[in-house]
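The file data-v1.csv contains CSV, C-alpha atoms and all ligand atoms:
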```csv
chain,number,residue,atom,x,y,z
S,287,MET,CA,-16.9,16.5,-2.0
S,288,ASN,CA,-14.9,14.0,0.1
S,289,ILE,CA,-13.7,10.8,-1.7
S,290,LEU,CA,-12.3,7.8,0.1
S,291,ALA,CA,-9.9,6.0,-2.3
S,292,ILE,CA,-8.2,2.7,-2.2
S,293,GLU,CA,-5.1,1.7,-4.1
S,294,THR,CA,-3.6,-1.8,-4.2
S,295,SER,CA,-2.3,-2.3,-7.7
S,296,CYS,CA,1.1,-3.6,-6.7
S,297,ASP,CA,3.1,-3.6,-3.4
S,298,GLU,CA,1.6,-0.5,-1.8
S,299,THR,CA,-1.6,-0.7,0.3
S,300,SER,CA,-3.0,2.8,0.5
S,301,ALA,CA,-6.2,4.5,1.5
S,302,ALA,CA,-6.8,8.3,1.4
S,303,ILE,CA,-9.6,10.8,1.9
S,304,VAL,CA,-9.3,13.8,-0.5
S,305,LYS,CA,-11.5,16.9,-0.5
S,306,ASP,CA,-12.6,18.3,-3.9
S,307,GLY,CA,-9.8,16.4,-5.7
S,308,ARG,CA,-7.2,18.7,-4.4
S,309,ILE,CA,-6.9,18.6,-0.6
S,310,ILE,CA,-5.6,15.5,1.2
S,311,LEU,CA,-7.4,15.0,4.5
S,312,VAL,CA,-5.9,11.6,5.2
S,313,ASN,CA,-3.3,9.6,3.2
S,314,VAL,CA,-2.1,6.3,4.7
S,315,VAL,CA,0.4,4.0,2.9
S,316,ALA,CA,1.8,0.6,3.9
S,317,THR,CA,4.3,-1.2,1.6
S,318,SER,CA,5.6,-4.7,1.4
S,319,ILE,CA,8.7,-3.5,-0.6
S,320,GLN,CA,11.2,-4.9,1.9
S,321,MET,CA,9.7,-8.4,1.4
S,322,HIS,CA,10.6,-8.2,-2.3
S,323,GLN,CA,14.0,-6.7,-2.0
S,324,LYS,CA,15.8,-10.0,-1.5
S,325,TYR,CA,14.3,-11.3,-4.8
S,326,GLY,CA,15.3,-8.2,-6.7
S,327,GLY,CA,11.8,-7.5,-7.8
S,328,ILE,CA,8.1,-7.8,-6.9
S,329,VAL,CA,6.9,-11.3,-6.1
S,330,PRO,CA,3.2,-11.2,-7.0
S,331,GLU,CA,2.1,-13.9,-4.6
S,332,VAL,CA,3.9,-12.2,-1.7
S,333,ALA,CA,2.5,-8.8,-2.7
S,334,ALA,CA,-1.1,-10.2,-2.7
S,335,ARG,CA,-0.7,-11.8,0.7
S,336,LYS,CA,0.6,-8.5,2.2
S,337,GLN,CA,-2.3,-6.6,0.6
S,338,LEU,CA,-4.6,-8.9,2.5
S,339,GLU,CA,-2.7,-8.4,5.7
S,340,PHE,CA,-2.5,-4.6,5.4
S,341,MET,CA,-5.9,-3.7,3.9
S,342,ILE,CA,-8.0,-3.5,7.0
S,343,PRO,CA,-5.4,-1.9,9.3
S,344,VAL,CA,-4.8,0.8,6.6
S,345,LEU,CA,-8.5,1.4,6.2
S,346,ASN,CA,-8.9,1.5,10.0
S,347,GLU,CA,-6.1,4.1,10.3
S,348,THR,CA,-7.6,6.2,7.5
S,349,ILE,CA,-11.1,6.3,9.2
S,350,GLN,CA,-9.5,7.0,12.6
S,351,GLN,CA,-7.5,9.9,11.2
S,352,PHE,CA,-10.8,11.3,9.8
S,353,ASN,CA,-11.6,11.5,13.4
S,354,ASN,CA,-14.0,14.5,13.7
S,355,SER,CA,-16.0,13.3,10.8
S,356,THR,CA,-18.3,10.3,10.2
S,357,ILE,CA,-18.9,8.0,7.3
S,358,ASN,CA,-21.7,10.5,6.4
S,359,ASN,CA,-19.0,12.9,5.4
S,360,ILE,CA,-17.7,10.5,2.8
S,361,ASP,CA,-19.5,11.2,-0.5
S,362,ALA,CA,-18.0,8.5,-2.7
S,363,ILE,CA,-15.5,5.6,-2.8
S,364,ALA,CA,-12.9,5.3,-5.5
S,365,VAL,CA,-10.7,2.3,-6.2
S,366,THR,CA,-7.9,1.3,-8.6
S,367,VAL,CA,-9.3,-1.5,-10.8
S,368,GLY,CA,-6.2,-1.8,-13.0
S,369,PRO,CA,-3.7,-2.2,-14.5
S,370,GLY,CA,-1.7,-4.1,-12.0
S,371,LEU,CA,-1.2,-7.5,-10.3
S,372,ILE,CA,-4.4,-9.5,-10.2
S,373,GLY,CA,-3.9,-10.8,-6.6
S,374,SER,CA,-3.1,-7.3,-5.3
S,375,LEU,CA,-5.9,-5.6,-7.3
S,376,LEU,CA,-8.6,-8.0,-6.1
S,377,VAL,CA,-8.0,-7.1,-2.4
S,378,GLY,CA,-8.6,-3.4,-3.0
S,379,VAL,CA,-11.5,-3.9,-5.4
S,380,GLU,CA,-13.4,-6.3,-3.3
S,381,THR,CA,-12.9,-4.1,-0.2
S,382,ALA,CA,-14.2,-1.1,-2.0
S,383,LYS,CA,-17.2,-3.0,-3.3
S,384,THR,CA,-18.0,-4.2,0.2
S,385,LEU,CA,-17.8,-0.6,1.6
S,386,ALA,CA,-19.9,0.8,-1.3
S,387,TYR,CA,-22.6,-1.8,-0.6
S,388,ALA,CA,-22.5,-1.6,3.2
S,389,TRP,CA,-22.4,2.2,3.3
S,390,ASN,CA,-24.6,2.7,0.3
S,391,LYS,CA,-22.0,5.0,-1.4
S,392,PRO,CA,-21.3,5.5,-5.1
S,393,LEU,CA,-18.2,3.6,-6.3
S,394,ILE,CA,-15.8,5.1,-8.9
S,395,PRO,CA,-13.5,2.7,-10.7
S,396,VAL,CA,-10.1,4.2,-11.5
S,397,ASN,CA,-7.3,3.4,-14.0
S,398,HIS,CA,-4.1,3.6,-12.0
S,399,VAL,CA,-1.9,4.9,-14.8
S,400,LEU,CA,-4.3,7.6,-15.9
S,401,ALA,CA,-4.6,8.7,-12.3
S,402,HIS,CA,-0.8,9.3,-11.7
S,403,PRO,CA,-0.8,12.8,-13.2
S,404,TYR,CA,-3.6,13.9,-10.9
S,405,ALA,CA,-1.1,14.0,-8.1
S,406,ALA,CA,-0.1,17.3,-9.6
S,407,PHE,CA,-3.6,18.7,-9.0
S,408,ILE,CA,-3.3,18.2,-5.3
S,409,THR,CA,-2.6,21.6,-3.9
S,410,LYS,CA,-2.3,20.9,-0.3
S,411,SER,CA,-2.6,18.6,2.7
S,412,ASP,CA,-5.0,19.5,5.5
S,413,LYS,CA,-2.6,20.5,8.3
S,414,ARG,CA,-4.7,18.8,11.0
S,415,LYS,CA,-4.9,15.4,9.5
S,416,ALA,CA,-2.2,14.8,6.9
S,417,ILE,CA,-0.1,12.2,8.7
S,418,SER,CA,0.8,8.8,7.4
S,419,ASN,CA,2.0,5.6,8.9
S,420,ASN,CA,5.5,6.3,7.6
S,421,ASN,CA,5.7,9.8,9.1
S,422,LEU,CA,5.5,11.8,6.0
S,423,THR,CA,6.1,15.4,6.8
S,424,ILE,CA,3.1,17.6,6.2
S,425,GLN,CA,3.6,19.4,2.9
S,426,GLN,CA,2.1,22.6,1.6
S,427,PHE,CA,2.0,22.2,-2.1
S,428,SER,CA,2.0,24.8,-4.8
S,429,ASN,CA,-1.3,26.5,-5.1
S,430,SER,CA,-0.6,27.7,-8.6
S,431,THR,CA,-3.2,26.4,-10.9
S,432,ILE,CA,-1.9,24.3,-13.8
S,433,GLN,CA,-2.8,25.8,-17.2
S,434,PHE,CA,-4.3,23.7,-19.9
S,435,PRO,CA,-3.6,22.2,-22.4
S,436,ILE,CA,-1.1,19.9,-20.8
S,437,ILE,CA,1.4,17.2,-22.0
S,438,SER,CA,1.5,14.6,-19.3
S,439,LEU,CA,4.4,12.1,-19.0
S,440,VAL,CA,3.6,9.1,-16.8
S,441,VAL,CA,6.8,7.3,-15.9
S,442,SER,CA,6.4,4.4,-13.5
S,443,GLY,CA,7.7,0.8,-13.0
S,444,GLY,CA,5.4,-0.6,-15.7
S,445,HIS,CA,4.6,2.4,-17.9
S,446,THR,CA,6.1,5.2,-19.9
S,447,GLU,CA,3.2,7.0,-21.6
S,448,LEU,CA,2.6,10.5,-23.0
S,449,TYR,CA,-0.9,12.0,-22.8
S,450,PHE,CA,-2.5,15.2,-24.1
S,451,MET,CA,-4.9,16.8,-21.6
S,452,GLN,CA,-7.3,19.4,-22.9
S,453,ASP,CA,-8.9,19.8,-19.5
S,454,GLU,CA,-9.1,18.0,-16.2
S,455,LYS,CA,-11.5,15.4,-17.6
S,456,SER,CA,-9.8,14.5,-20.9
S,457,MET,CA,-6.8,12.4,-21.5
S,458,LYS,CA,-5.7,11.3,-24.9
S,459,TRP,CA,-2.9,8.8,-25.2
S,460,ILE,CA,-0.2,9.9,-27.7
S,461,ASP,CA,2.6,7.4,-27.5
S,462,GLY,CA,4.5,5.2,-25.1
S,463,THR,CA,7.3,2.7,-24.8
S,464,LEU,CA,7.6,-0.1,-27.3
S,465,ASP,CA,9.2,-2.4,-24.7
S,466,ASP,CA,10.5,-1.8,-21.2
S,467,ALA,CA,9.2,1.1,-19.1
S,468,ALA,CA,11.7,3.7,-17.8
S,469,GLY,CA,11.2,2.5,-14.2
S,470,GLU,CA,11.7,-1.1,-15.3
S,471,CYS,CA,14.9,-0.1,-17.0
S,472,PHE,CA,16.2,1.6,-13.8
S,473,ASP,CA,15.3,-1.5,-11.9
S,474,LYS,CA,16.9,-4.0,-14.4
S,475,CYS,CA,20.1,-1.9,-14.7
S,476,ALA,CA,20.4,-1.5,-11.0
S,477,ARG,CA,20.2,-5.3,-10.7
S,478,LEU,CA,23.0,-5.7,-13.2
S,479,LEU,CA,25.1,-3.3,-11.1
S,480,GLY,CA,24.4,-5.3,-7.9
S,481,LEU,CA,22.2,-2.6,-6.5
S,482,LYS,CA,19.0,-3.1,-4.5
S,483,TYR,CA,15.3,-3.1,-5.6
S,484,PRO,CA,13.7,-0.7,-6.5
S,485,GLY,CA,16.5,0.4,-8.7
S,486,GLY,CA,15.5,4.0,-9.4
S,487,PRO,CA,16.4,5.5,-6.1
S,488,GLU,CA,19.5,3.3,-5.8
S,489,ILE,CA,20.8,4.4,-9.3
S,490,ALA,CA,20.1,8.0,-8.3
S,491,ALA,CA,22.0,7.6,-5.1
S,492,ALA,CA,25.0,6.0,-6.8
S,493,ALA,CA,24.9,8.6,-9.6
S,494,ALA,CA,25.1,11.3,-7.0
S,495,LYS,CA,28.4,9.9,-5.8
S,496,TYR,CA,29.9,9.9,-9.2
S,497,GLN,CA,32.8,12.4,-9.5
S,498,ILE,CA,34.2,13.1,-12.9
S,499,PRO,CA,37.9,13.5,-12.0
S,500,ASN,CA,37.9,10.3,-9.9
S,501,THR,CA,37.7,7.8,-12.7
S,502,LYS,CA,39.2,7.2,-16.1
S,503,TYR,CA,36.3,4.9,-16.8
S,504,LYS,CA,33.7,6.9,-18.7
S,505,PRO,CA,31.1,4.6,-20.1
S,506,PHE,CA,28.8,5.8,-22.8
S,507,LEU,CA,25.4,4.4,-23.2
S,508,PRO,CA,23.0,4.9,-26.1
S,509,ARG,CA,20.0,7.3,-25.9
S,510,PRO,CA,17.4,5.0,-27.5
S,511,MET,CA,15.2,6.6,-30.1
S,512,ILE,CA,16.3,10.1,-29.1
S,513,HIS,CA,16.6,11.2,-32.7
S,514,ASP,CA,13.5,9.5,-33.8
S,515,ASP,CA,10.6,11.7,-35.0
S,516,SER,CA,8.0,9.6,-33.2
S,517,LEU,CA,7.1,10.1,-29.6
S,518,ASN,CA,7.7,6.4,-28.8
S,519,PHE,CA,10.3,5.2,-26.3
S,520,SER,CA,12.4,2.0,-26.1
S,521,PHE,CA,14.5,1.2,-23.1
S,522,SER,CA,15.2,-2.5,-23.5
S,523,GLY,CA,18.4,-1.9,-25.5
S,524,LEU,CA,19.8,0.2,-22.7
S,525,LYS,CA,19.7,-2.7,-20.3
S,526,THR,CA,21.6,-4.8,-22.9
S,527,ALA,CA,24.2,-2.1,-23.2
S,528,VAL,CA,24.7,-2.0,-19.5
S,529,LEU,CA,25.1,-5.8,-19.4
S,530,ARG,CA,27.9,-5.4,-22.1
S,531,GLU,CA,29.7,-2.9,-19.9
S,532,VAL,CA,29.3,-5.1,-16.8
S,533,LYS,CA,30.7,-8.0,-18.7
S,534,LYS,CA,33.7,-5.9,-19.9
S,535,ILE,CA,34.5,-5.1,-16.3
S,536,ALA,CA,34.1,-8.7,-15.3
S,537,GLU,CA,36.5,-9.8,-18.1
S,538,CYS,CA,39.1,-7.3,-16.8
S,539,HIS,CA,38.8,-8.8,-13.4
S,540,SER,CA,39.1,-12.4,-14.7
S,541,ARG,CA,42.2,-11.4,-16.7
S,542,GLU,CA,43.7,-9.9,-13.6
S,543,SER,CA,42.9,-12.7,-11.2
S,544,GLY,CA,42.8,-15.7,-13.6
S,545,ASN,CA,39.3,-16.6,-12.2
S,546,LEU,CA,36.3,-17.5,-14.4
S,547,ILE,CA,34.2,-14.6,-15.5
S,548,ASP,CA,31.7,-13.6,-12.9
S,549,PRO,CA,29.2,-11.4,-14.7
S,550,ARG,CA,28.5,-9.2,-11.7
S,551,VAL,CA,30.1,-6.0,-10.7
S,552,LYS,CA,31.9,-6.5,-7.3
S,553,PRO,CA,31.1,-4.2,-4.4
S,554,GLU,CA,34.7,-2.9,-4.4
S,555,ASP,CA,34.0,-1.6,-7.9
S,556,ASP,CA,32.3,1.4,-6.3
S,557,ILE,CA,33.7,4.0,-8.7
S,558,LEU,CA,32.7,1.9,-11.7
S,559,ILE,CA,29.2,1.3,-10.4
S,560,ASN,CA,28.8,5.0,-9.7
S,561,SER,CA,30.0,6.0,-13.2
S,562,LEU,CA,27.7,3.4,-14.9
S,563,ALA,CA,24.7,4.5,-12.6
S,564,HIS,CA,25.4,8.1,-13.6
S,565,GLU,CA,25.4,7.2,-17.3
S,566,VAL,CA,22.2,5.1,-16.9
S,567,GLN,CA,20.4,8.0,-15.3
S,568,GLU,CA,21.7,10.5,-17.9
S,569,SER,CA,20.6,8.3,-20.7
S,570,ILE,CA,17.1,7.7,-19.4
S,571,THR,CA,16.5,11.3,-18.4
S,572,ASP,CA,17.9,12.6,-21.7
S,573,VAL,CA,15.4,10.6,-23.6
S,574,LEU,CA,12.4,11.3,-21.3
S,575,VAL,CA,13.1,15.1,-21.5
S,576,LYS,CA,13.7,15.2,-25.2
S,577,LYS,CA,10.5,13.3,-26.1
S,578,THR,CA,8.3,15.2,-23.6
S,579,LEU,CA,9.5,18.6,-24.9
S,580,GLN,CA,9.0,17.3,-28.5
S,581,ALA,CA,5.4,16.4,-27.5
S,582,ALA,CA,4.8,19.7,-25.8
S,583,GLU,CA,5.9,21.6,-28.9
S,584,LYS,CA,3.9,19.4,-31.3
S,585,TYR,CA,0.7,19.9,-29.3
S,586,SER,CA,1.4,23.6,-28.4
S,587,VAL,CA,0.6,23.1,-24.7
S,588,LYS,CA,1.1,25.5,-21.8
S,589,SER,CA,2.1,23.1,-19.2
S,590,ILE,CA,3.8,19.7,-18.6
S,591,ILE,CA,3.1,17.3,-15.8
S,592,VAL,CA,5.6,14.5,-15.0
S,593,SER,CA,4.3,11.8,-12.7
S,594,GLY,CA,4.8,8.2,-11.6
S,595,GLY,CA,7.6,6.7,-9.5
S,596,VAL,CA,10.4,7.8,-11.9
S,597,ALA,CA,9.2,11.5,-11.5
S,598,ALA,CA,10.7,11.3,-8.0
S,599,ASN,CA,14.1,11.4,-9.8
S,600,GLN,CA,15.7,14.8,-9.0
S,601,ARG,CA,17.9,14.8,-12.1
S,602,LEU,CA,14.9,14.4,-14.4
S,603,LYS,CA,13.2,17.4,-12.8
S,604,GLN,CA,16.4,19.4,-12.9
S,605,LYS,CA,17.1,18.5,-16.5
S,606,ILE,CA,13.6,19.4,-17.8
S,607,ASN,CA,13.7,22.7,-16.0
S,608,SER,CA,17.2,23.6,-17.3
S,609,GLU,CA,16.2,22.6,-20.8
S,610,LEU,CA,13.2,25.0,-20.7
S,611,LEU,CA,15.5,27.7,-19.4
S,612,ILE,CA,17.9,27.2,-22.3
S,613,LEU,CA,15.0,27.3,-24.8
S,614,ASN,CA,13.6,30.4,-23.0
S,615,SER,CA,10.3,28.6,-22.9
S,616,LYS,CA,7.2,29.8,-21.1
S,617,LEU,CA,6.0,26.3,-20.5
S,618,SER,CA,5.5,25.5,-16.8
S,619,VAL,CA,6.5,22.1,-15.4
S,620,HIS,CA,4.7,20.4,-12.6
S,621,VAL,CA,6.2,17.4,-10.7
S,622,PRO,CA,4.4,16.2,-7.6
S,623,PRO,CA,6.4,15.8,-4.4
S,624,PRO,CA,8.1,12.4,-4.3
S,625,HIS,CA,5.6,10.8,-1.9
S,626,LEU,CA,2.9,11.6,-4.5
S,627,CYS,CA,4.9,10.3,-7.4
S,628,VAL,CA,5.0,6.7,-6.1
S,629,ASP,CA,1.8,4.6,-5.5
S,630,THR,CA,-0.7,6.1,-3.1
S,631,ALA,CA,-4.5,6.4,-3.0
S,632,ALA,CA,-4.4,10.3,-2.9
S,633,TYR,CA,-4.4,10.8,-6.6
S,634,ILE,CA,-6.8,7.9,-7.2
S,635,ALA,CA,-9.3,10.1,-5.2
S,636,SER,CA,-8.3,13.1,-7.2
S,637,TYR,CA,-8.8,11.4,-10.6
S,638,ALA,CA,-12.2,10.1,-9.3
S,639,TYR,CA,-13.3,13.6,-8.3
S,640,PHE,CA,-12.5,15.2,-11.7
S,641,HIS,CA,-14.1,12.3,-13.7
S,642,ASN,CA,-16.8,11.4,-11.3
S,643,ASN,CA,-18.3,8.5,-13.1
S,644,PRO,CA,-19.6,6.0,-10.6
S,645,VAL,CA,-20.5,2.5,-11.7
S,646,ASP,CA,-22.8,-0.1,-10.0
S,647,TRP,CA,-20.5,-2.1,-7.6
S,648,ARG,CA,-21.9,-5.3,-9.1
S,649,LYS,CA,-20.3,-4.4,-12.4
S,650,ILE,CA,-16.9,-3.5,-11.1
S,651,GLU,CA,-14.0,-6.0,-11.3
S,652,ALA,CA,-10.2,-6.1,-11.1
S,653,GLN,CA,-8.7,-5.6,-14.6
S,654,PRO,CA,-5.0,-6.4,-14.5
S,655,ASP,CA,-4.5,-5.6,-18.2
S,656,LEU,CA,-6.7,-2.5,-18.3
S,657,ASP,CA,-5.9,-0.4,-21.4
S,658,VAL,CA,-3.9,2.8,-20.9
S,659,GLU,CA,-4.0,3.8,-24.6
S,660,VAL,CA,-7.2,5.8,-24.2
S,661,GLY,CA,-8.9,8.8,-25.9
S,662,GLY,CA,-9.6,9.4,-29.5
O,701,LIG,O1,4.6,4.6,-9.9
O,701,LIG,P1,5.4,3.6,-9.1
O,701,LIG,O2,5.6,3.8,-7.6
O,701,LIG,O3,4.8,2.1,-9.3
O,701,LIG,C1,4.2,1.7,-10.5
O,701,LIG,O4,3.1,2.1,-10.8
O,701,LIG,O5,5.0,1.0,-11.2
O,701,LIG,O6,6.9,3.5,-9.8
O,701,LIG,C2,7.8,2.6,-9.4
O,701,LIG,C3,9.1,2.8,-10.2
O,701,LIG,C4,10.2,1.8,-9.9
O,701,LIG,O7,10.6,1.3,-11.2
O,701,LIG,C5,11.3,2.6,-9.3
O,701,LIG,O8,12.6,2.2,-9.5
O,701,LIG,C6,11.0,4.0,-9.9
O,701,LIG,O9,9.6,4.1,-9.9
O,701,LIG,N1,11.6,5.1,-9.0
O,701,LIG,C7,12.6,5.9,-9.4
O,701,LIG,C8,12.8,6.8,-8.3
O,701,LIG,N2,12.0,6.4,-7.3
O,701,LIG,C9,11.2,5.4,-7.8
O,701,LIG,N3,13.2,6.0,-10.6
O,701,LIG,C10,14.2,6.9,-10.7
O,701,LIG,N4,14.5,7.8,-9.7
O,701,LIG,C11,13.9,7.7,-8.5
O,701,LIG,N5,14.2,8.6,-7.5
O,702,ZN,ZN,2.1,3.7,-10.2
```

Show me this structure written as structure tokens.
Amino acid sequence: MNILAIETSCDETSAAIVKDGRIILVNVVATSIQMHQKYGGIVPEVAARKQLEFMIPVLNETIQQFNNSTINNIDAIAVTVGPGLIGSLLVGVETAKTLAYAWNKPLIPVNHVLAHPYAAFITKSDKRKAISNNNLTIQQFSNSTIQFPIISLVVSGGHTELYFMQDEKSMKWIDGTLDDAAGECFDKCARLLGLKYPGGPEIAAAAAKYQIPNTKYKPFLPRPMIHDDSLNFSFSGLKTAVLREVKKIAECHSRESGNLIDPRVKPEDDILINSLAHEVQESITDVLVKKTLQAAEKYSVKSIIVSGGVAANQRLKQKINSELLILNSKLSVHVPPPHLCVDTAAYIASYAYFHNNPVDWRKIEAQPDLDVEVGG
């Protein structure tokens, strides 16, 4: 079964054709991220306008790359209906509804957050066709099947959620963040450190430059809720702790120079920035790993899936694996390759395949606040 999926929940415009929920035939992604960087975060109005601009070219490219096939070879259409930015969502939803009507295909509405973990079920890209507009290298993914039950951590810019999956069709929400999401925390801390948006990759890059013997400055940030028995997260306090550190640095500067306090770290403070970035990454990943393993133990699962933009963080992956090694655990961990952690239509198609619940296109609409706390 070939599903053509469309994803436009935020700043990525993506279309993909995926076979049987696991094999990417085509995956095209365009992004307006550069447009938002100068504002330090996503500007919804700009994102929506770019979605409109990119949607048809992305769709065209997708259909063209499906070159030796015809529309008849597409069995269904899937689309992200929420959660996300209303202006962005509307573009994908209305496009998908139009295609479903014009081509007379079933239309499957998809919850973007619930779809993220399905990136881990994608086993490979078709070698002939898996190219994208940003020259992704063709990847051969692991063919090992993921054993159920699963604990699934979704960590993105807007969400930090834990789910229990009994099989491919079932997702039961367990707990999530009480305030900021992990990605949001990376982004806000990066901004305080004078780093670019999106903050996650920037913090990771700065943290990689951190060298212990090079600095006497060793900040310590809290690990919010790490000793709490619940499986909730809370990241807003971390950003406040970083702000305190940044102010301390600024106060030192002002004492030295006699200038007024400028609550920003200066670019020449490279070593300080790298130390703080390192500590931010350690704090967030410590909490994510601890809670995920706690959930895995509580629900006696066989596997863990970590997905969403923050799952592209190498330190997170490394930490969860080394923790399992220390615990001599048989749990297997599955993290999609980085280009399937961030927003793309590939796993929207995969989720649609496994759930396969089409809805009359007349009844489908964009739902910016779509609930992610699902299951009973
Ligand atoms: O899933 P995603 O692409 O979009 C949403 O659905 O929100 O996630 C975006 C988030 C951003 O907050 C970004 O800073 C974070 O994922 N991110 C990372 C990394 N790459 C992206 N966070 C930490 N380390 C990374 N390497
Ligand atoms: Zn996402």

Contacts between ligand LIG 701 (chain O) and chain S, please, where a residue of chain S counts if it comes within 8 Å (with all atoms listed in the file); show its shortest atom pair and distance in Å to one decimal, rows by chain and ascending number, as CSV.
```
residue,atom,partner,partner_atom,distance
S:Ser295,CA,O:LIG701,O4,7.6
S:Cys296,CA,O:LIG701,C1,7.2
S:Gly370,CA,O:LIG701,O4,7.9
S:His398,CA,O:LIG701,O4,7.5
S:Val399,CA,O:LIG701,O4,7.0
S:His402,CA,O:LIG701,O1,7.4
S:Val441,CA,O:LIG701,O1,6.9
S:Ser442,CA,O:LIG701,O6,3.8
S:Gly443,CA,O:LIG701,O5,3.3
S:Gly444,CA,O:LIG701,O5,4.8
S:His445,CA,O:LIG701,O5,6.9
S:Ala468,CA,O:LIG701,O7,7.1
S:Gly469,CA,O:LIG701,O7,3.3
S:Glu470,CA,O:LIG701,O7,4.9
S:Cys471,CA,O:LIG701,O7,7.4
S:Phe472,CA,O:LIG701,O8,5.6
S:Asp473,CA,O:LIG701,O8,5.2
S:Tyr483,CA,O:LIG701,O8,7.1
S:Pro484,CA,O:LIG701,O8,4.3
S:Gly485,CA,O:LIG701,O8,4.4
S:Gly486,CA,O:LIG701,N3,3.3
S:Pro487,CA,O:LIG701,N5,4.1
S:Glu488,CA,O:LIG701,C11,7.6
S:Ile489,CA,O:LIG701,N4,7.2
S:Ala490,CA,O:LIG701,N4,5.8
S:Gln567,CA,O:LIG701,C10,7.8
S:Ser593,CA,O:LIG701,O1,7.7
S:Gly594,CA,O:LIG701,O1,4.0
S:Gly595,CA,O:LIG701,O6,3.3
S:Val596,CA,O:LIG701,N3,3.6
S:Ala597,CA,O:LIG701,N4,6.7
S:Ala598,CA,O:LIG701,N5,4.4
S:Asn599,CA,O:LIG701,N4,3.6
S:Gln600,CA,O:LIG701,N5,6.6
S:Pro624,CA,O:LIG701,N2,7.8
S:Cys627,CA,O:LIG701,O1,6.2
S:Val628,CA,O:LIG701,O2,3.3
S:Asp629,CA,O:LIG701,O2,4.4
```

Output C-alpha atoms of each residue in that selection to a file, as a PDB file, in the coordinates of the input.
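Result written to result.pdb:
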```pdb
ATOM      1  CA  SER S 295      -2.300  -2.300  -7.700  1.00  0.00           C
ATOM      2  CA  CYS S 296       1.100  -3.600  -6.700  1.00  0.00           C
ATOM      3  CA  GLY S 370      -1.700  -4.100 -12.000  1.00  0.00           C
ATOM      4  CA  HIS S 398      -4.100   3.600 -12.000  1.00  0.00           C
ATOM      5  CA  VAL S 399      -1.900   4.900 -14.800  1.00  0.00           C
ATOM      6  CA  HIS S 402      -0.800   9.300 -11.700  1.00  0.00           C
ATOM      7  CA  VAL S 441       6.800   7.300 -15.900  1.00  0.00           C
ATOM      8  CA  SER S 442       6.400   4.400 -13.500  1.00  0.00           C
ATOM      9  CA  GLY S 443       7.700   0.800 -13.000  1.00  0.00           C
ATOM     10  CA  GLY S 444       5.400  -0.600 -15.700  1.00  0.00           C
ATOM     11  CA  HIS S 445       4.600   2.400 -17.900  1.00  0.00           C
ATOM     12  CA  ALA S 468      11.700   3.700 -17.800  1.00  0.00           C
ATOM     13  CA  GLY S 469      11.200   2.500 -14.200  1.00  0.00           C
ATOM     14  CA  GLU S 470      11.700  -1.100 -15.300  1.00  0.00           C
ATOM     15  CA  CYS S 471      14.900  -0.100 -17.000  1.00  0.00           C
ATOM     16  CA  PHE S 472      16.200   1.600 -13.800  1.00  0.00           C
ATOM     17  CA  ASP S 473      15.300  -1.500 -11.900  1.00  0.00           C
ATOM     18  CA  TYR S 483      15.300  -3.100  -5.600  1.00  0.00           C
ATOM     19  CA  PRO S 484      13.700  -0.700  -6.500  1.00  0.00           C
ATOM     20  CA  GLY S 485      16.500   0.400  -8.700  1.00  0.00           C
ATOM     21  CA  GLY S 486      15.500   4.000  -9.400  1.00  0.00           C
ATOM     22  CA  PRO S 487      16.400   5.500  -6.100  1.00  0.00           C
ATOM     23  CA  GLU S 488      19.500   3.300  -5.800  1.00  0.00           C
ATOM     24  CA  ILE S 489      20.800   4.400  -9.300  1.00  0.00           C
ATOM     25  CA  ALA S 490      20.100   8.000  -8.300  1.00  0.00           C
ATOM     26  CA  GLN S 567      20.400   8.000 -15.300  1.00  0.00           C
ATOM     27  CA  SER S 593       4.300  11.800 -12.700  1.00  0.00           C
ATOM     28  CA  GLY S 594       4.800   8.200 -11.600  1.00  0.00           C
ATOM     29  CA  GLY S 595       7.600   6.700  -9.500  1.00  0.00           C
ATOM     30  CA  VAL S 596      10.400   7.800 -11.900  1.00  0.00           C
ATOM     31  CA  ALA S 597       9.200  11.500 -11.500  1.00  0.00           C
ATOM     32  CA  ALA S 598      10.700  11.300  -8.000  1.00  0.00           C
ATOM     33  CA  ASN S 599      14.100  11.400  -9.800  1.00  0.00           C
ATOM     34  CA  GLN S 600      15.700  14.800  -9.000  1.00  0.00           C
ATOM     35  CA  PRO S 624       8.100  12.400  -4.300  1.00  0.00           C
ATOM     36  CA  CYS S 627       4.900  10.300  -7.400  1.00  0.00           C
ATOM     37  CA  VAL S 628       5.000   6.700  -6.100  1.00  0.00           C
ATOM     38  CA  ASP S 629       1.800   4.600  -5.500  1.00  0.00           C
TER      39      ASP S 629
END
```

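With distances restricted to only C-alpha atoms, S:Val314 is the closest residue to Ala291 in chain S from S:Thr409, S:Val314, S:Asn614, S:Ser586.
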
**Request:** Just the residues within 9 Å of Ala493 in chain S, please, counting only C-alpha atoms, with nothing from its chain fewer than 2 positions along; format it as a list in words.
**Result:**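 Non-adjacent residues within range: Glu488, Ile489, Ala490, Ala491, Lys495, Tyr496, Gln497, Ile559, Asn560, Ser561, Leu562, Ala563, His564, Glu565, Val566 and Gln567 of chain S.
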
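Using all atoms listed in the file, the shortest contact distance between Ser569 in chain S and any of S:Gly327, S:Ala527, S:Asp555, S:Lys534 is found at S:Ala527.
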
**Asked** If we count all atoms listed in the file, what is near Ile349 in chain S at a cut-off of 12 Å, once residues fewer than 3 positions away on the same chain are taken out, given as JSON, numbers by chain?
**Response** {"S": [290, 291, 301, 302, 303, 311, 312, 313, 314, 342, 343, 344, 345, 346, 352, 353, 354, 355, 356, 357, 358, 359, 360, 415]}
